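The next block holds one structure in the form of structure tokens; read it before the comments.
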Amino acid sequence: MNAEISTPGWTAESLAPTGHFTIRLSATPRGARLARRLATQQLADWGWGYETEASGTVALLVAELTANAVRHGRVRGRDFRISLTLHAADPALRIEVTDARPDHRPPTPGTLPQSPPDEESGRGLLLVEALSTHWGVTNGDPYTKTVWCEVLLN
């Protein structure tokens with residue numbers, strides 16, 4: 001069964017992607033760092049330079065999502081995939097990070113618990129929720145999950 005998904009404020013023209021980038025990387029801290037660098041390079045190629053606020057926001061979002069894929073979604077011998085889709089009419093960017101642990105799903109948007117102040121981790125998805133316009137989790141098949149977010153590139 002197909003279902004039409006509607007995103008508030010987006011038209012059919014703005015949903016049509018004008019740029020796409022995807023790559024598989026090792027599910028290691030080095031792979032996560034490389035994902036951040038490749039994402040900002042791709043964004044620069046699309047016209048948002050390294051010194052722009054959009055580039056900094058995208059770098060942070062990619063860093064958080066890929067770090068979670070490495071820490072919570074890693075299966076030995078399996079990579080993670082990052083995909084960037086540019087919708088230039090808005091302009092907006094969709095960031096997707098797919099890992100090999102569909103059984104380790106994060107809390108749903110709007111239900112993230114607050115980390116204790118003395119904890120050193122546990123705030124990544126709070127940043128994703130604060131910086132993106134939308135985010136969520138989908139399962140494309142029984143072997144993977146994709147955590148995604150969308151951000152406006154003003």
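Here, A, B, ... name the chains of the structure tokens in the order displayed, residue numbers run from 1 inside each chain, and ligands are numbered from 1 in the same displayed order.
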Excluding same-chain residues fewer than 5 positions from Thr133 in chain A, what lies within 10 Å of it counting only C-alpha atoms, as a PyMOL selection string? chain A and resi 92+94+128+149-152
Requested write-out: C-alpha atoms of the selected residues, as a PDB file, in the first residue's frame:
```pdb
ATOM      1  CA  ALA A  92      16.293  22.619   2.202  1.00  0.00           C
ATOM      2  CA  ARG A  94      17.514  16.151   3.881  1.00  0.00           C
ATOM      3  CA  VAL A 128      19.159  17.295  15.986  1.00  0.00           C
ATOM      4  CA  CYS A 149      16.472  15.104   9.458  1.00  0.00           C
ATOM      5  CA  GLU A 150      15.622  18.094   7.303  1.00  0.00           C
ATOM      6  CA  VAL A 151      17.100  21.547   7.639  1.00  0.00           C
ATOM      7  CA  LEU A 152      16.426  24.830   5.842  1.00  0.00           C
TER       8      LEU A 152
END
```
Give me, as an NGL selection string, all polymer residues having an atom no more than 12 Å from Thr57 in chain A, counting only C-alpha atoms and skipping those fewer than 5 positions away in the same chain. :A and (36 or 39-40 or 43 or 48-52 or 62-64 or 93 or 95 or 127-128 or 130-133 or 149-154)
Limited to C-alpha atoms, could you put the picked residues into a file as a PDB file, in the first residue's frame?
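New file again04.pdb:
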```
ATOM      1  CA  ARG A  36      31.099  15.273   8.172  1.00  0.00           C
ATOM      2  CA  ALA A  39      28.919  16.588   3.671  1.00  0.00           C
ATOM      3  CA  THR A  40      30.376  20.075   4.081  1.00  0.00           C
ATOM      4  CA  LEU A  43      27.316  21.559   0.490  1.00  0.00           C
ATOM      5  CA  TRP A  48      26.938  26.992   0.694  1.00  0.00           C
ATOM      6  CA  GLY A  49      30.572  27.661   1.615  1.00  0.00           C
ATOM      7  CA  TYR A  50      32.416  26.378   4.649  1.00  0.00           C
ATOM      8  CA  GLU A  51      32.029  29.633   6.576  1.00  0.00           C
ATOM      9  CA  THR A  52      28.229  29.803   6.227  1.00  0.00           C
ATOM     10  CA  VAL A  62      25.888  14.935  10.242  1.00  0.00           C
ATOM     11  CA  ALA A  63      28.354  14.571  13.125  1.00  0.00           C
ATOM     12  CA  GLU A  64      25.581  13.689  15.585  1.00  0.00           C
ATOM     13  CA  LEU A  93      18.536  19.633   2.802  1.00  0.00           C
ATOM     14  CA  ILE A  95      20.217  14.192   5.699  1.00  0.00           C
ATOM     15  CA  LEU A 127      20.602  18.949  19.101  1.00  0.00           C
ATOM     16  CA  VAL A 128      19.159  17.295  15.986  1.00  0.00           C
ATOM     17  CA  ALA A 130      16.587  21.717  17.966  1.00  0.00           C
ATOM     18  CA  LEU A 131      18.469  22.437  14.727  1.00  0.00           C
ATOM     19  CA  SER A 132      16.312  20.627  12.170  1.00  0.00           C
ATOM     20  CA  THR A 133      12.811  21.375  10.958  1.00  0.00           C
ATOM     21  CA  CYS A 149      16.472  15.104   9.458  1.00  0.00           C
ATOM     22  CA  GLU A 150      15.622  18.094   7.303  1.00  0.00           C
ATOM     23  CA  VAL A 151      17.100  21.547   7.639  1.00  0.00           C
ATOM     24  CA  LEU A 152      16.426  24.830   5.842  1.00  0.00           C
ATOM     25  CA  LEU A 153      19.551  26.340   4.296  1.00  0.00           C
ATOM     26  CA  ASN A 154      18.878  30.066   4.666  1.00  0.00           C
TER      27      ASN A 154
END
```
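Across the structure, CA of Gln114 in chain A and CA of Leu34 in chain A are spaced 28.8 Å apart.
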Residue list (alpha helix (DSSP H), DSSP) for range 7-68 of chain A, as a PDB file with C-alpha atoms, in the first residue's frame:
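Contents of selection-v9.pdb, freshly written:
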```
ATOM      1  CA  ALA A  12       5.576  19.417  -5.319  1.00  0.00           C
ATOM      2  CA  GLU A  13       8.177  21.724  -6.895  1.00  0.00           C
ATOM      3  CA  SER A  14      10.101  22.151  -3.650  1.00  0.00           C
ATOM      4  CA  LEU A  15      10.026  18.404  -2.991  1.00  0.00           C
ATOM      5  CA  PRO A  29      34.818   7.115  14.351  1.00  0.00           C
ATOM      6  CA  ARG A  30      37.010   7.743  11.307  1.00  0.00           C
ATOM      7  CA  GLY A  31      34.039   7.034   9.003  1.00  0.00           C
ATOM      8  CA  ALA A  32      31.898   9.491  10.990  1.00  0.00           C
ATOM      9  CA  ARG A  33      34.563  12.221  10.707  1.00  0.00           C
ATOM     10  CA  LEU A  34      34.873  11.580   6.981  1.00  0.00           C
ATOM     11  CA  ALA A  35      31.083  11.820   6.580  1.00  0.00           C
ATOM     12  CA  ARG A  36      31.099  15.273   8.172  1.00  0.00           C
ATOM     13  CA  ARG A  37      33.893  16.473   5.887  1.00  0.00           C
ATOM     14  CA  LEU A  38      32.283  15.041   2.761  1.00  0.00           C
ATOM     15  CA  ALA A  39      28.919  16.588   3.671  1.00  0.00           C
ATOM     16  CA  THR A  40      30.376  20.075   4.081  1.00  0.00           C
ATOM     17  CA  GLN A  41      32.365  19.652   0.852  1.00  0.00           C
ATOM     18  CA  GLN A  42      29.208  18.638  -1.014  1.00  0.00           C
ATOM     19  CA  LEU A  43      27.316  21.559   0.490  1.00  0.00           C
ATOM     20  CA  ALA A  44      30.124  23.887  -0.671  1.00  0.00           C
ATOM     21  CA  ASP A  45      29.848  22.382  -4.163  1.00  0.00           C
ATOM     22  CA  GLU A  53      25.833  29.126   9.067  1.00  0.00           C
ATOM     23  CA  ALA A  54      24.187  26.415   6.934  1.00  0.00           C
ATOM     24  CA  SER A  55      27.503  24.568   6.600  1.00  0.00           C
ATOM     25  CA  GLY A  56      28.089  24.666  10.349  1.00  0.00           C
ATOM     26  CA  THR A  57      24.583  23.403  11.059  1.00  0.00           C
ATOM     27  CA  VAL A  58      24.870  20.586   8.515  1.00  0.00           C
ATOM     28  CA  ALA A  59      28.296  19.603   9.893  1.00  0.00           C
ATOM     29  CA  LEU A  60      26.853  19.353  13.404  1.00  0.00           C
ATOM     30  CA  LEU A  61      23.788  17.369  12.276  1.00  0.00           C
ATOM     31  CA  VAL A  62      25.888  14.935  10.242  1.00  0.00           C
ATOM     32  CA  ALA A  63      28.354  14.571  13.125  1.00  0.00           C
ATOM     33  CA  GLU A  64      25.581  13.689  15.585  1.00  0.00           C
ATOM     34  CA  LEU A  65      23.729  11.278  13.298  1.00  0.00           C
ATOM     35  CA  THR A  66      26.871   9.462  12.160  1.00  0.00           C
ATOM     36  CA  ALA A  67      28.276   9.263  15.699  1.00  0.00           C
ATOM     37  CA  ASN A  68      25.021   7.586  16.743  1.00  0.00           C
TER      38      ASN A  68
END
```
Do you have the CA of Lys145 in chain A-CA of His72 in chain A distance handy? 11.4 Å
Skip Asn139 in chain A itself and residues of its chain fewer than 2 positions away, then list as a PyMOL selection string all residues within 10 Å of it, counting only C-alpha atoms. chain A and resi 98+101-103+105+137+141-147
For each of A:Phe21, A:Gly136, A:Thr85, A:Val75, take the minimum atom-to-atom distance to Pro109 in chain A, counting only C-alpha atoms, then give the residue where this is smallest. A:Gly136
Of the candidates A:His104, A:Pro17, A:Leu125, A:Val97, which shows the shortest atom-to-atom distance to Phe80 in chain A, using only C-alpha atoms? A:Val97
